[in-house]
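Okay, so here's the structure we're looking at.
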Amino acid sequence: MKNKIVAGNWKMNKTFPEAEELLVAIAEGLDDMPLETDVVICPPFPYLEMAADVSEESNFSVGAQNVSDEKAGAFTGEISAAMIKSAGADFCIVGHSERRAYFKETDEVLAKKVKRLLEEDIIPIFCIGEQLAEREANQHFQVVEKQLTAGLFHLDAKEFERVVIAYEPVWAIGTGRTASPQQAQEMHAFIRGLIEAKYGTEKAYNAYILYGGSCNSKNALELFSCQDVDGGLIGGASLKVEDFIEIINAAETCIKND
Ligand code: PEP
């Protein structure tokens with residue numbers, strides 16, 4: 001039996017006191033849950049240390065939302081993997097579609113970021129997913145295959161087993177237009193098949209492939225029940241305590257029913 005992972009991506013939201021309030025509320029919500037799901041909270045950089053402090057008394061892990069592809073030095077405004085680690089984060093989102101689109105992050109840069117994170121023993125949550133026009137042109141498998149191979153397949157098998165993948169169709173992110181369970185399952189099975197061809201059956205089975213894109217308390221159970229969906233990367237709904245806890249509950253239900 002495999003656990004699920006539910007990760008919350010707060011994006012660029014919340015002031016310091018608001019972030020503290022939300023962290024404490026989530027910790028309280030998780031308090032009486034004997035969790036089998038791995039919960040990860042990815043707040044903005046300034047709140048990583050505070051999140052790590054709160055997590056010590058709770059049962060969630062902390063992740064960053066981005067990292068520099070450089071190790072250290074004269075890169076004003078950048079944040080290194082070592083800094084993230086020393087602030088208490090064990091995960092980091094890489095290649096989110098917003099970073100690919102607005103900050104022009106290329107496959108090459110993302111592949112480097114993944115390496116930097118692994119050097120610091122941080123688990124990358126590597127995002128892949130097609131745009132609406134690409135799905136409509138029936139190119140979604142091709143696009144996802146390219147992102148996966150260019151971003152992760154430079155890793156050796158030992159490195160690869162420390163990576164989490166998030167399939168996030170861009171047309172579903174923040175739009176309220178969720179992929180259907182059939183669409184999610186089809187793509188997740190395709191991704192697992194690519195991993196199997198590259199790294200073998202065991203690594204493919206063990207790989208975590210999360211779904212992201214307008215996942216909420218209403219649709220999480222159906223999505224997480226799909227055979228190849230190992231949990232979710234949650235944006236908007238991770239900012240609302242009750243919704244986020246309900247999504248975690250959906251993951252727990254799936255683990256128990258497995
Ligand atoms: C995300 O930003 O990774 C995401 C999945 O956002 P949302 O859940 O809001 O669609």
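By convention in this document, the chains of the structure tokens carry letters A, B, ... by their order, each chain's residues are numbered from 1, and ligands are numbered from 1 in the order they are shown.
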
Expected answer as a PyMOL selection string: residues within 6 Å of ligand 1, only C-alpha atoms and all ligand atoms: chain A and resi 9+172-174+212-215+233-236

Selection from above, all heavy atoms, as a PDB file, in the first residue's frame, can you write it?
ATOM      1  N   ASN A   9       0.184  24.717  -2.355  1.00  0.00           N
ATOM      2  CA  ASN A   9       0.995  25.785  -2.955  1.00  0.00           C
ATOM      3  C   ASN A   9       0.299  27.109  -2.685  1.00  0.00           C
ATOM      4  O   ASN A   9      -0.704  27.433  -3.318  1.00  0.00           O
ATOM      5  CB  ASN A   9       1.117  25.522  -4.464  1.00  0.00           C
ATOM      6  CG  ASN A   9       1.809  26.663  -5.187  1.00  0.00           C
ATOM      7  OD1 ASN A   9       2.445  27.506  -4.563  1.00  0.00           O
ATOM      8  ND2 ASN A   9       1.695  26.673  -6.506  1.00  0.00           N
ATOM      9  N   ALA A 172      -6.227  23.870 -16.274  1.00  0.00           N
ATOM     10  CA  ALA A 172      -7.006  23.564 -15.065  1.00  0.00           C
ATOM     11  C   ALA A 172      -6.530  24.375 -13.865  1.00  0.00           C
ATOM     12  O   ALA A 172      -7.201  24.409 -12.831  1.00  0.00           O
ATOM     13  CB  ALA A 172      -6.901  22.069 -14.754  1.00  0.00           C
ATOM     14  N   ILE A 173      -5.383  25.040 -13.987  1.00  0.00           N
ATOM     15  CA  ILE A 173      -4.811  25.735 -12.825  1.00  0.00           C
ATOM     16  C   ILE A 173      -5.517  27.062 -12.586  1.00  0.00           C
ATOM     17  O   ILE A 173      -5.494  27.953 -13.439  1.00  0.00           O
ATOM     18  CB  ILE A 173      -3.294  25.961 -12.999  1.00  0.00           C
ATOM     19  CG1 ILE A 173      -2.589  24.609 -13.081  1.00  0.00           C
ATOM     20  CG2 ILE A 173      -2.736  26.796 -11.852  1.00  0.00           C
ATOM     21  CD1 ILE A 173      -1.094  24.695 -13.236  1.00  0.00           C
ATOM     22  N   GLY A 174      -6.157  27.142 -11.425  1.00  0.00           N
ATOM     23  CA  GLY A 174      -6.817  28.386 -11.006  1.00  0.00           C
ATOM     24  C   GLY A 174      -8.026  28.752 -11.850  1.00  0.00           C
ATOM     25  O   GLY A 174      -8.519  29.870 -11.771  1.00  0.00           O
ATOM     26  N   GLY A 212      -2.654  18.207 -10.101  1.00  0.00           N
ATOM     27  CA  GLY A 212      -2.914  19.585  -9.691  1.00  0.00           C
ATOM     28  C   GLY A 212      -3.699  20.327 -10.752  1.00  0.00           C
ATOM     29  O   GLY A 212      -3.494  20.132 -11.957  1.00  0.00           O
ATOM     30  N   GLY A 213      -4.613  21.185 -10.304  1.00  0.00           N
ATOM     31  CA  GLY A 213      -5.418  21.981 -11.234  1.00  0.00           C
ATOM     32  C   GLY A 213      -6.850  21.989 -10.766  1.00  0.00           C
ATOM     33  O   GLY A 213      -7.594  21.048 -11.046  1.00  0.00           O
ATOM     34  N   SER A 214      -7.215  23.057 -10.004  1.00  0.00           N
ATOM     35  CA  SER A 214      -8.577  23.198  -9.489  1.00  0.00           C
ATOM     36  C   SER A 214      -9.061  21.972  -8.721  1.00  0.00           C
ATOM     37  O   SER A 214     -10.239  21.609  -8.793  1.00  0.00           O
ATOM     38  CB  SER A 214      -9.546  23.563 -10.619  1.00  0.00           C
ATOM     39  OG  SER A 214      -9.183  24.812 -11.185  1.00  0.00           O
ATOM     40  N   CYS A 215      -8.157  21.338  -8.017  1.00  0.00           N
ATOM     41  CA  CYS A 215      -8.543  20.227  -7.139  1.00  0.00           C
ATOM     42  C   CYS A 215      -9.122  20.857  -5.872  1.00  0.00           C
ATOM     43  O   CYS A 215      -8.549  21.803  -5.323  1.00  0.00           O
ATOM     44  CB  CYS A 215      -7.306  19.389  -6.827  1.00  0.00           C
ATOM     45  SG  CYS A 215      -7.679  17.948  -5.832  1.00  0.00           S
ATOM     46  N   LEU A 233      -1.437  18.391  -5.787  1.00  0.00           N
ATOM     47  CA  LEU A 233      -0.804  19.688  -5.529  1.00  0.00           C
ATOM     48  C   LEU A 233      -1.941  20.711  -5.603  1.00  0.00           C
ATOM     49  O   LEU A 233      -2.597  20.844  -6.643  1.00  0.00           O
ATOM     50  CB  LEU A 233       0.283  19.978  -6.572  1.00  0.00           C
ATOM     51  CG  LEU A 233       1.015  21.325  -6.438  1.00  0.00           C
ATOM     52  CD1 LEU A 233       1.618  21.524  -5.061  1.00  0.00           C
ATOM     53  CD2 LEU A 233       2.125  21.440  -7.494  1.00  0.00           C
ATOM     54  N   ILE A 234      -2.169  21.371  -4.484  1.00  0.00           N
ATOM     55  CA  ILE A 234      -3.380  22.174  -4.329  1.00  0.00           C
ATOM     56  C   ILE A 234      -3.020  23.652  -4.234  1.00  0.00           C
ATOM     57  O   ILE A 234      -2.237  24.031  -3.354  1.00  0.00           O
ATOM     58  CB  ILE A 234      -4.130  21.778  -3.023  1.00  0.00           C
ATOM     59  CG1 ILE A 234      -4.159  20.246  -2.823  1.00  0.00           C
ATOM     60  CG2 ILE A 234      -5.524  22.384  -2.984  1.00  0.00           C
ATOM     61  CD1 ILE A 234      -4.865  19.451  -3.885  1.00  0.00           C
ATOM     62  N   GLY A 235      -3.584  24.471  -5.097  1.00  0.00           N
ATOM     63  CA  GLY A 235      -3.334  25.907  -5.051  1.00  0.00           C
ATOM     64  C   GLY A 235      -4.374  26.608  -4.190  1.00  0.00           C
ATOM     65  O   GLY A 235      -4.306  26.586  -2.958  1.00  0.00           O
ATOM     66  N   GLY A 236      -5.368  27.201  -4.840  1.00  0.00           N
ATOM     67  CA  GLY A 236      -6.383  28.012  -4.155  1.00  0.00           C
ATOM     68  C   GLY A 236      -6.976  27.356  -2.915  1.00  0.00           C
ATOM     69  O   GLY A 236      -7.102  28.009  -1.864  1.00  0.00           O
TER      70      GLY A 236
END

message: Could you go through range 24-185 of chain A and tell me which residues DSSP, when run on the backbone, assigns to strand (DSSP E), listing them as a PyMOL selection string?
response: chain A and resi 38-42+60-64+91-94+123-128+164-167

message: I need the residues of range 18-246 of chain A that end up classed as helix (DSSP H, G or I) by DSSP on the backbone, written out as a ChimeraX atom specification.
response: /A:18-31,45-56,81-87,97-102,107-119,132-136,140-152,157-160,170-172,181-199,201-206,220-224,236-239,241-246

message: Show me, as a ChimeraX atom specification, the residues that have an atom within 10 Å of Ala184 in chain A when counting only C-alpha atoms, minus same-chain residues fewer than 2 positions from it.
response: /A:167-169,178-182,186-190,210-212,223-224,226,228-229

Polymer residues at most 10 Å from range 43-56 of chain A, only C-alpha atoms, same-chain spacing of 5 or more positions, as a ChimeraX atom specification: /A:8-17,19-20,22-24,26-27,61-67,79,83-90,239

Export of the given selection (N, CA and C atoms) as an mmCIF file, in the first residue's frame:
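Contents of out-v9.cif, as written:
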data_model
loop_
_atom_site.group_PDB
_atom_site.id
_atom_site.type_symbol
_atom_site.label_atom_id
_atom_site.label_comp_id
_atom_site.auth_asym_id
_atom_site.auth_seq_id
_atom_site.Cartn_x
_atom_site.Cartn_y
_atom_site.Cartn_z
ATOM 1 N N GLY A 8 0.288 21.805 -0.500
ATOM 2 C CA GLY A 8 -0.417 23.079 -0.696
ATOM 3 C C GLY A 8 0.538 24.135 -1.220
ATOM 4 N N ASN A 9 0.184 24.717 -2.355
ATOM 5 C CA ASN A 9 0.995 25.785 -2.955
ATOM 6 C C ASN A 9 0.299 27.109 -2.685
ATOM 7 N N TRP A 10 0.851 27.871 -1.755
ATOM 8 C CA TRP A 10 0.200 29.145 -1.373
ATOM 9 C C TRP A 10 0.430 30.235 -2.410
ATOM 10 N N LYS A 11 1.339 30.019 -3.336
ATOM 11 C CA LYS A 11 1.705 31.047 -4.328
ATOM 12 C C LYS A 11 2.078 32.354 -3.600
ATOM 13 N N MET A 12 1.824 33.521 -4.223
ATOM 14 C CA MET A 12 2.226 34.798 -3.603
ATOM 15 C C MET A 12 1.040 35.385 -2.831
ATOM 16 N N ASN A 13 0.681 34.683 -1.754
ATOM 17 C CA ASN A 13 -0.466 35.110 -0.949
ATOM 18 C C ASN A 13 -0.087 35.155 0.527
ATOM 19 N N LYS A 14 -0.775 35.995 1.260
ATOM 20 C CA LYS A 14 -0.690 36.136 2.716
ATOM 21 C C LYS A 14 0.450 37.053 3.179
ATOM 22 N N THR A 15 0.085 37.892 4.147
ATOM 23 C CA THR A 15 1.101 38.685 4.854
ATOM 24 C C THR A 15 1.638 37.820 5.990
ATOM 25 N N PHE A 16 2.629 38.335 6.683
ATOM 26 C CA PHE A 16 3.233 37.548 7.767
ATOM 27 C C PHE A 16 2.192 37.101 8.816
ATOM 28 N N PRO A 17 1.419 38.045 9.403
ATOM 29 C CA PRO A 17 0.441 37.590 10.412
ATOM 30 C C PRO A 17 -0.625 36.665 9.832
ATOM 31 N N ALA A 19 -0.216 34.580 7.388
ATOM 32 C CA ALA A 19 0.432 33.273 7.172
ATOM 33 C C ALA A 19 0.512 32.507 8.487
ATOM 34 N N GLU A 20 0.859 33.225 9.546
ATOM 35 C CA GLU A 20 0.962 32.573 10.857
ATOM 36 C C GLU A 20 -0.395 32.007 11.275
ATOM 37 N N LEU A 22 -2.886 31.127 9.380
ATOM 38 C CA LEU A 22 -3.257 29.970 8.554
ATOM 39 C C LEU A 22 -2.459 28.721 8.950
ATOM 40 N N LEU A 23 -1.166 28.904 9.211
ATOM 41 C CA LEU A 23 -0.336 27.761 9.611
ATOM 42 C C LEU A 23 -0.842 27.138 10.909
ATOM 43 N N VAL A 24 -1.163 28.015 11.866
ATOM 44 C CA VAL A 24 -1.627 27.515 13.167
ATOM 45 C C VAL A 24 -2.980 26.810 12.992
ATOM 46 N N ILE A 26 -4.104 25.302 10.312
ATOM 47 C CA ILE A 26 -3.886 23.996 9.643
ATOM 48 C C ILE A 26 -3.338 22.996 10.658
ATOM 49 N N ALA A 27 -2.363 23.450 11.449
ATOM 50 C CA ALA A 27 -1.776 22.551 12.463
ATOM 51 C C ALA A 27 -2.871 22.056 13.411
ATOM 52 N N SER A 61 5.057 18.677 6.505
ATOM 53 C CA SER A 61 6.402 19.090 6.116
ATOM 54 C C SER A 61 6.301 20.431 5.395
ATOM 55 N N VAL A 62 7.448 21.044 5.195
ATOM 56 C CA VAL A 62 7.462 22.385 4.596
ATOM 57 C C VAL A 62 8.204 22.338 3.267
ATOM 58 N N GLY A 63 7.660 23.077 2.300
ATOM 59 C CA GLY A 63 8.311 23.148 0.992
ATOM 60 C C GLY A 63 8.393 24.586 0.508
ATOM 61 N N ALA A 64 9.377 24.860 -0.347
ATOM 62 C CA ALA A 64 9.475 26.175 -0.992
ATOM 63 C C ALA A 64 8.758 26.086 -2.342
ATOM 64 N N GLN A 65 8.625 27.231 -2.996
ATOM 65 C CA GLN A 65 7.907 27.255 -4.290
ATOM 66 C C GLN A 65 8.840 27.402 -5.477
ATOM 67 N N ASN A 66 10.120 27.673 -5.179
ATOM 68 C CA ASN A 66 11.081 27.926 -6.257
ATOM 69 C C ASN A 66 12.472 27.877 -5.655
ATOM 70 N N VAL A 67 13.479 27.759 -6.498
ATOM 71 C CA VAL A 67 14.864 27.756 -6.041
ATOM 72 C C VAL A 67 15.745 28.277 -7.172
ATOM 73 N N ILE A 79 17.404 32.784 -4.271
ATOM 74 C CA ILE A 79 17.380 31.976 -3.043
ATOM 75 C C ILE A 79 17.926 30.597 -3.389
ATOM 76 N N MET A 83 19.910 27.567 1.320
ATOM 77 C CA MET A 83 19.147 28.504 2.171
ATOM 78 C C MET A 83 17.791 27.901 2.532
ATOM 79 N N ILE A 84 17.153 27.333 1.529
ATOM 80 C CA ILE A 84 15.832 26.726 1.749
ATOM 81 C C ILE A 84 15.935 25.620 2.792
ATOM 82 N N LYS A 85 16.967 24.792 2.604
ATOM 83 C CA LYS A 85 17.148 23.669 3.535
ATOM 84 C C LYS A 85 17.390 24.192 4.949
ATOM 85 N N SER A 86 18.243 25.218 5.050
ATOM 86 C CA SER A 86 18.586 25.711 6.392
ATOM 87 C C SER A 86 17.405 26.448 7.038
ATOM 88 N N ALA A 87 16.418 26.846 6.239
ATOM 89 C CA ALA A 87 15.203 27.458 6.803
ATOM 90 C C ALA A 87 14.213 26.388 7.252
ATOM 91 N N GLY A 88 14.470 25.135 6.910
ATOM 92 C CA GLY A 88 13.620 24.049 7.412
ATOM 93 C C GLY A 88 12.746 23.376 6.366
ATOM 94 N N ALA A 89 12.985 23.662 5.082
ATOM 95 C CA ALA A 89 12.158 23.030 4.040
ATOM 96 C C ALA A 89 12.776 21.721 3.557
ATOM 97 N N ASP A 90 11.933 20.738 3.336
ATOM 98 C CA ASP A 90 12.390 19.444 2.820
ATOM 99 C C ASP A 90 11.868 19.176 1.415
ATOM 100 N N LEU A 239 -5.461 27.477 0.698
ATOM 101 C CA LEU A 239 -5.495 28.706 1.503
ATOM 102 C C LEU A 239 -6.725 28.747 2.407
#

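When only C-alpha atoms are used to compute distances to Ile122 in chain A, the closest of the residues A:Glu159, A:Glu18, A:Glu242, A:Glu57 turns out to be A:Glu159.
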
Long-range neighbours of Lys256 in chain A as a list in words, 12 Å cut-off, only C-alpha atoms, 6 positions minimum in chain: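 My reading of the contact set: Met1, Lys2, Asn3, Lys4, Pro34, Leu35, Glu36, Thr37, Ser225, Asn249 and Ala250 of chain A.
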
message: I want to know what sits within 8 Å of Leu30 in chain A, based on only C-alpha atoms, with residues of the same chain fewer than 5 positions away left out; could you give that as a VMD selection string?
response: chain A and resid 35 58 to 59 245

Preceding selection exported with N, CA and C atoms as a PDB file, in the first residue's frame:
ATOM      1  N   LEU A  35      -2.576  10.762  10.765  1.00  0.00           N
ATOM      2  CA  LEU A  35      -2.326  10.895   9.324  1.00  0.00           C
ATOM      3  C   LEU A  35      -1.457   9.821   8.700  1.00  0.00           C
ATOM      4  N   SER A  58       3.501  19.651  14.691  1.00  0.00           N
ATOM      5  CA  SER A  58       2.382  19.146  13.896  1.00  0.00           C
ATOM      6  C   SER A  58       2.884  18.009  13.001  1.00  0.00           C
ATOM      7  N   ASN A  59       2.033  17.611  12.051  1.00  0.00           N
ATOM      8  CA  ASN A  59       2.468  16.496  11.202  1.00  0.00           C
ATOM      9  C   ASN A  59       2.435  16.873   9.727  1.00  0.00           C
ATOM     10  N   ILE A 245      -8.197  20.676   4.724  1.00  0.00           N
ATOM     11  CA  ILE A 245      -8.321  19.504   5.610  1.00  0.00           C
ATOM     12  C   ILE A 245      -9.241  18.462   4.958  1.00  0.00           C
TER      13      ILE A 245
END

query: Which of these, A:Val143, A:Ala137, A:Ala204, A:Ala150, has the shortest distance to Asp107 in chain A once you count only C-alpha atoms?
result: A:Ala150

task: Give the answer as one residue: which of A:Glu70, A:Glu252, A:Asp38, A:Asp32 has the shortest atom-to-atom distance to Arg116 in chain A, using only C-alpha atoms?
output: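 Of the candidates, the smallest distance to Arg116 in chain A is held by A:Glu70.
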
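The closest residue to Ala220 in chain A, picked from A:Lys158, A:Lys198, A:Ala207, A:Phe244 and counting only C-alpha atoms, is A:Phe244.
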
message: Residues near Arg100 in chain A, anyone? I mean within 12 Å using only C-alpha atoms, not counting same-chain ones fewer than 4 positions away, as a VMD selection string.
response: chain A and resid 66 94 to 96 104 to 110 126 to 131 147 170

Residues just named, written with all heavy atoms as a compact mmCIF listing (two decimals), in the first residue's frame:
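Listing of selection-v4.txt after writing:
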# COMPACT_ATOMS: atom_id res chain seq x y z
N ASN A 66 10.12 27.67 -5.18
CA ASN A 66 11.08 27.93 -6.26
C ASN A 66 12.47 27.88 -5.65
O ASN A 66 12.62 27.95 -4.43
CB ASN A 66 10.81 29.30 -6.87
CG ASN A 66 11.72 29.62 -8.03
OD1 ASN A 66 12.15 28.73 -8.77
ND2 ASN A 66 12.07 30.88 -8.20
N VAL A 94 9.18 22.80 -8.38
CA VAL A 94 10.04 23.23 -9.50
C VAL A 94 9.23 23.15 -10.79
O VAL A 94 8.50 22.18 -11.01
CB VAL A 94 11.27 22.29 -9.68
CG1 VAL A 94 12.24 22.89 -10.68
CG2 VAL A 94 11.96 22.02 -8.38
N GLY A 95 9.38 24.16 -11.62
CA GLY A 95 8.77 24.09 -12.94
C GLY A 95 7.27 24.30 -12.95
O GLY A 95 6.57 23.84 -13.88
N HIS A 96 6.75 24.99 -11.92
CA HIS A 96 5.32 25.31 -11.96
C HIS A 96 5.03 26.07 -13.25
O HIS A 96 5.84 26.87 -13.72
CB HIS A 96 4.95 26.16 -10.74
CG HIS A 96 3.49 26.30 -10.55
ND1 HIS A 96 2.74 27.19 -11.29
CD2 HIS A 96 2.62 25.65 -9.74
CE1 HIS A 96 1.47 27.08 -10.93
NE2 HIS A 96 1.37 26.15 -9.99
N LYS A 104 9.87 32.54 -17.77
CA LYS A 104 10.57 31.93 -18.92
C LYS A 104 11.56 30.86 -18.49
O LYS A 104 12.68 30.79 -18.99
CB LYS A 104 11.29 33.01 -19.75
CG LYS A 104 10.42 34.18 -20.15
CD LYS A 104 9.41 33.79 -21.23
CE LYS A 104 8.42 34.92 -21.51
NZ LYS A 104 7.02 34.62 -21.35
N GLU A 105 11.19 30.07 -17.51
CA GLU A 105 12.09 29.01 -17.06
C GLU A 105 12.09 27.87 -18.10
O GLU A 105 11.04 27.35 -18.46
CB GLU A 105 11.68 28.51 -15.68
CG GLU A 105 11.84 29.60 -14.63
CD GLU A 105 11.74 29.09 -13.20
OE1 GLU A 105 11.48 27.89 -12.98
OE2 GLU A 105 11.90 29.92 -12.30
N THR A 106 13.27 27.53 -18.56
CA THR A 106 13.39 26.52 -19.62
C THR A 106 13.61 25.12 -19.01
O THR A 106 13.99 25.00 -17.85
CB THR A 106 14.60 26.84 -20.51
OG1 THR A 106 15.77 26.80 -19.68
CG2 THR A 106 14.48 28.21 -21.15
N ASP A 107 13.44 24.11 -19.83
CA ASP A 107 13.69 22.74 -19.39
C ASP A 107 15.11 22.61 -18.85
O ASP A 107 15.36 21.92 -17.86
CB ASP A 107 13.53 21.77 -20.57
CG ASP A 107 12.07 21.61 -20.99
OD1 ASP A 107 11.18 21.81 -20.15
OD2 ASP A 107 11.83 21.30 -22.17
N GLU A 108 16.04 23.29 -19.50
CA GLU A 108 17.45 23.19 -19.12
C GLU A 108 17.69 23.76 -17.71
O GLU A 108 18.36 23.13 -16.87
CB GLU A 108 18.27 23.98 -20.14
CG GLU A 108 19.73 23.64 -20.16
CD GLU A 108 20.49 24.60 -21.09
OE1 GLU A 108 19.89 25.53 -21.65
OE2 GLU A 108 21.70 24.39 -21.21
N VAL A 109 17.11 24.92 -17.46
CA VAL A 109 17.25 25.55 -16.14
C VAL A 109 16.57 24.68 -15.08
O VAL A 109 17.09 24.48 -13.98
CB VAL A 109 16.63 26.98 -16.16
CG1 VAL A 109 16.41 27.52 -14.77
CG2 VAL A 109 17.52 27.91 -16.95
N LEU A 110 15.41 24.15 -15.42
CA LEU A 110 14.66 23.33 -14.46
C LEU A 110 15.42 22.06 -14.11
O LEU A 110 15.45 21.64 -12.95
CB LEU A 110 13.27 23.01 -15.00
CG LEU A 110 12.38 24.24 -15.23
CD1 LEU A 110 11.06 23.85 -15.87
CD2 LEU A 110 12.14 24.98 -13.93
N PHE A 126 8.16 18.23 -9.05
CA PHE A 126 8.43 18.69 -10.41
C PHE A 126 7.13 18.75 -11.22
O PHE A 126 6.47 17.72 -11.42
CB PHE A 126 9.45 17.76 -11.07
CG PHE A 126 9.95 18.29 -12.37
CD1 PHE A 126 10.89 19.30 -12.41
CD2 PHE A 126 9.47 17.79 -13.58
CE1 PHE A 126 11.35 19.82 -13.61
CE2 PHE A 126 9.93 18.30 -14.79
CZ PHE A 126 10.86 19.32 -14.80
N CYS A 127 6.77 19.95 -11.67
CA CYS A 127 5.47 20.15 -12.34
C CYS A 127 5.59 20.05 -13.86
O CYS A 127 6.50 20.64 -14.46
CB CYS A 127 4.91 21.52 -12.01
SG CYS A 127 4.71 21.80 -10.25
N ILE A 128 4.66 19.33 -14.44
CA ILE A 128 4.58 19.23 -15.89
C ILE A 128 3.10 19.33 -16.29
O ILE A 128 2.22 19.04 -15.48
CB ILE A 128 5.17 17.89 -16.41
CG1 ILE A 128 4.56 16.69 -15.66
CG2 ILE A 128 6.68 17.87 -16.24
CD1 ILE A 128 5.11 15.34 -16.10
N GLY A 129 2.86 19.73 -17.51
CA GLY A 129 1.46 19.83 -17.94
C GLY A 129 1.32 20.67 -19.19
O GLY A 129 2.11 21.60 -19.41
N GLU A 130 0.32 20.34 -19.96
CA GLU A 130 0.14 21.00 -21.26
C GLU A 130 -0.80 22.20 -21.17
O GLU A 130 -1.64 22.28 -20.28
CB GLU A 130 -0.41 19.99 -22.29
CG GLU A 130 -1.91 19.73 -22.21
CD GLU A 130 -2.33 18.86 -21.03
OE1 GLU A 130 -1.48 18.36 -20.29
OE2 GLU A 130 -3.57 18.68 -20.85
N GLN A 131 -0.67 23.10 -22.13
CA GLN A 131 -1.58 24.24 -22.28
C GLN A 131 -2.86 23.76 -22.97
O GLN A 131 -2.84 22.72 -23.63
CB GLN A 131 -0.95 25.31 -23.19
CG GLN A 131 0.49 25.58 -22.93
CD GLN A 131 0.69 26.92 -22.27
OE1 GLN A 131 -0.27 27.61 -21.96
NE2 GLN A 131 1.93 27.27 -22.03
N GLN A 147 8.62 17.49 -21.38
CA GLN A 147 8.92 18.15 -20.10
C GLN A 147 9.50 17.15 -19.10
O GLN A 147 10.45 17.47 -18.37
CB GLN A 147 7.64 18.77 -19.51
CG GLN A 147 7.13 19.96 -20.31
CD GLN A 147 5.78 20.44 -19.81
OE1 GLN A 147 5.02 19.72 -19.15
NE2 GLN A 147 5.44 21.68 -20.14
N VAL A 170 -2.26 23.02 -17.59
CA VAL A 170 -2.26 24.47 -17.37
C VAL A 170 -3.68 25.03 -17.42
O VAL A 170 -4.03 25.95 -16.67
CB VAL A 170 -1.33 25.17 -18.39
CG1 VAL A 170 -1.32 26.68 -18.18
CG2 VAL A 170 0.09 24.61 -18.29

statement: Nearest to Phe141 in chain A, restricted to only C-alpha atoms and choosing among A:Ile191, A:Lys71, A:Ala251, A:Ala81, comes out as A:Ile191

query: What is the distance, in Å and to one decimal place, between CA of Leu132 in chain A and CA of Lys218 in chain A?
result: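 Going from CA of Leu132 in chain A over to CA of Lys218 in chain A covers 23.0 Å.
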